[in-house]
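This report concerns only the one structure given below.
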Amino acid sequence: MLKLVSETLCVRGGQAIRPVLCAQISGFHTAKPCLAPRSFFGVEDFLDDDNSRPYTYQKGKKSKNPNKHVSFKQRTVAYMEPFTLDVFISKRFVSASITHRVTCKQVAVAGTNSKDIKAVLKSRSDIPACLSVGQILADRAREADVYTASYTPRDRDKFEGKIRAVVQSLIDNGIDIKVYLD
């Protein structure tokens, strides 16, 4: 039960006391009711196990065994295949980059939104634009001494059409791409 403790502004020790929203609780050992301050939104009732965030946020799946064994392949795949291809296609432009997995640095980047490609292309989001992005990305990757990369499509992406055109253009221009489809 909530009570609004509102007596006209009382003066205590020279300071004015304002009305407060309080929850009436009773002590555990004493049966006397007492008033405890309550937060405005009442979020403290809905915190998760770690008391870190409100219940509305999705919690990441916690591992049942935090000391679970990690396989050799899981530990070494980032070093055995250090470069990944990332392709982003929107309605307006196409962008692709090759990133080093361990250092998270982009080694080569190409997109139809850059000034040098923008002027040459008729459309920035069709198949010929994807082929030119793949060719330019392959040239820039070879300059950076990158000849292999791996590509895993995002969950919402299908490996067809424009994405396949970018990857095929990279393969045709001398970059070996390993495509992992789930």
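Letters A, B, ... go to the chains of the structure tokens in the order shown; residues in each chain start at 1; ligands are counted from 1 in the same order.
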Which neighbours of Gln106 of chain A fall inside 12 Å, counting only C-alpha atoms, when residues of the same chain fewer than 3 positions from it are skipped, and could you give them as a PyMOL selection string?
chain A and resi 82-86+96-103+109-110+137+140-141+144+146
Could you take the residues named above and write them with C-alpha atoms, as an mmCIF file, in the first residue's frame?
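See selection_28.cif below for the written result:
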```cif
data_model
loop_
_atom_site.group_PDB
_atom_site.id
_atom_site.type_symbol
_atom_site.label_atom_id
_atom_site.label_comp_id
_atom_site.auth_asym_id
_atom_site.auth_seq_id
_atom_site.Cartn_x
_atom_site.Cartn_y
_atom_site.Cartn_z
ATOM 1 C CA PRO A 82 42.781 -14.400 -39.900
ATOM 2 C CA PHE A 83 40.914 -12.347 -42.527
ATOM 3 C CA THR A 84 37.142 -12.088 -42.899
ATOM 4 C CA LEU A 85 35.044 -10.533 -45.617
ATOM 5 C CA ASP A 86 32.122 -8.315 -44.672
ATOM 6 C CA ALA A 96 32.616 -4.475 -48.607
ATOM 7 C CA SER A 97 35.673 -4.779 -46.385
ATOM 8 C CA ILE A 98 38.301 -7.304 -45.378
ATOM 9 C CA THR A 99 39.037 -7.280 -41.644
ATOM 10 C CA HIS A 100 41.774 -8.938 -39.599
ATOM 11 C CA ARG A 101 40.056 -11.038 -36.932
ATOM 12 C CA VAL A 102 42.649 -10.779 -34.190
ATOM 13 C CA THR A 103 43.419 -7.058 -34.366
ATOM 14 C CA VAL A 109 37.700 -1.297 -47.915
ATOM 15 C CA ALA A 110 35.679 -0.552 -51.045
ATOM 16 C CA LEU A 137 38.475 -4.603 -53.034
ATOM 17 C CA ARG A 140 43.378 -3.138 -52.435
ATOM 18 C CA ALA A 141 43.646 -6.483 -50.641
ATOM 19 C CA ALA A 144 48.021 -5.222 -48.434
ATOM 20 C CA VAL A 146 46.023 -10.478 -48.340
#
```
Can you list, as a list of chain:residue names, every protein, DNA or RNA residue that comes within 12 Å of Asp126 of chain A when you count only C-alpha atoms, leaving out same-chain residues fewer than 5 positions away?
A:Ile89, A:Ser90, A:Lys91, A:Arg92, A:Phe93, A:Val94, A:Thr112, A:Leu121, A:Leu131, A:Ser132, A:Val133, A:Gly161, A:Lys162, A:Ile163, A:Ala165, A:Val166
Keeping only N, CA, C and O atoms, write those residues as a compact mmCIF listing (two decimals), in the first residue's frame.
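Output file again09.txt follows:
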```txt
# COMPACT_ATOMS: atom_id res chain seq x y z
N ILE A 89 24.95 -4.51 -48.17
CA ILE A 89 24.22 -4.04 -49.34
C ILE A 89 22.93 -3.39 -48.87
O ILE A 89 22.13 -4.01 -48.16
N SER A 90 22.75 -2.14 -49.25
CA SER A 90 21.49 -1.45 -48.94
C SER A 90 20.81 -1.09 -50.26
O SER A 90 21.31 -1.41 -51.34
N LYS A 91 19.71 -0.40 -50.17
CA LYS A 91 19.00 0.00 -51.38
C LYS A 91 19.78 1.07 -52.16
O LYS A 91 19.60 1.23 -53.35
N ARG A 92 20.65 1.80 -51.45
CA ARG A 92 21.34 2.93 -52.09
C ARG A 92 22.79 2.65 -52.48
O ARG A 92 23.30 3.24 -53.42
N PHE A 93 23.49 1.79 -51.73
CA PHE A 93 24.90 1.56 -52.05
C PHE A 93 25.35 0.18 -51.60
O PHE A 93 24.65 -0.53 -50.87
N VAL A 94 26.56 -0.20 -52.05
CA VAL A 94 27.18 -1.48 -51.72
C VAL A 94 28.53 -1.19 -51.09
O VAL A 94 29.27 -0.32 -51.55
N THR A 112 30.55 1.72 -53.03
CA THR A 112 30.07 2.58 -54.11
C THR A 112 29.76 3.98 -53.61
O THR A 112 29.36 4.84 -54.40
N LEU A 121 30.03 4.96 -61.96
CA LEU A 121 28.89 4.05 -62.04
C LEU A 121 27.59 4.75 -62.41
O LEU A 121 27.36 5.89 -62.03
N LEU A 131 30.05 -5.95 -58.85
CA LEU A 131 31.25 -6.50 -59.50
C LEU A 131 32.43 -5.53 -59.41
O LEU A 131 33.56 -5.94 -59.18
N SER A 132 32.16 -4.24 -59.58
CA SER A 132 33.25 -3.26 -59.50
C SER A 132 33.76 -3.13 -58.07
O SER A 132 34.96 -2.94 -57.85
N VAL A 133 32.87 -3.23 -57.07
CA VAL A 133 33.31 -3.19 -55.67
C VAL A 133 34.22 -4.38 -55.38
O VAL A 133 35.26 -4.24 -54.73
N GLY A 161 22.58 -13.49 -55.66
CA GLY A 161 22.40 -12.15 -56.20
C GLY A 161 23.60 -11.26 -56.01
O GLY A 161 24.72 -11.57 -56.43
N LYS A 162 23.39 -10.12 -55.34
CA LYS A 162 24.44 -9.11 -55.21
C LYS A 162 25.60 -9.57 -54.34
O LYS A 162 26.76 -9.29 -54.64
N ILE A 163 25.29 -10.27 -53.25
CA ILE A 163 26.35 -10.76 -52.37
C ILE A 163 27.23 -11.76 -53.11
O ILE A 163 28.45 -11.72 -53.04
N ALA A 165 27.68 -11.85 -56.27
CA ALA A 165 28.43 -11.12 -57.28
C ALA A 165 29.70 -10.51 -56.70
O ALA A 165 30.77 -10.55 -57.33
N VAL A 166 29.62 -9.96 -55.49
CA VAL A 166 30.81 -9.39 -54.84
C VAL A 166 31.84 -10.48 -54.57
O VAL A 166 33.03 -10.34 -54.89
```
Any idea what the distance is between atom CA of Asp176 of chain A and atom CA of Val77 of chain A?
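Atom CA of Val77 of chain A lies 16.7 Å from atom CA of Asp176 of chain A.
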Quick one: pull the distance between atom CA of Leu181 of chain A and atom CA of Pro153 of chain A, Å, one decimal.
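Distance reported for this atom pair: 7.1 Å.
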Separation of atom CA of Arg154 of chain A from atom CA of Cys130 of chain A in Å
17.5 Å
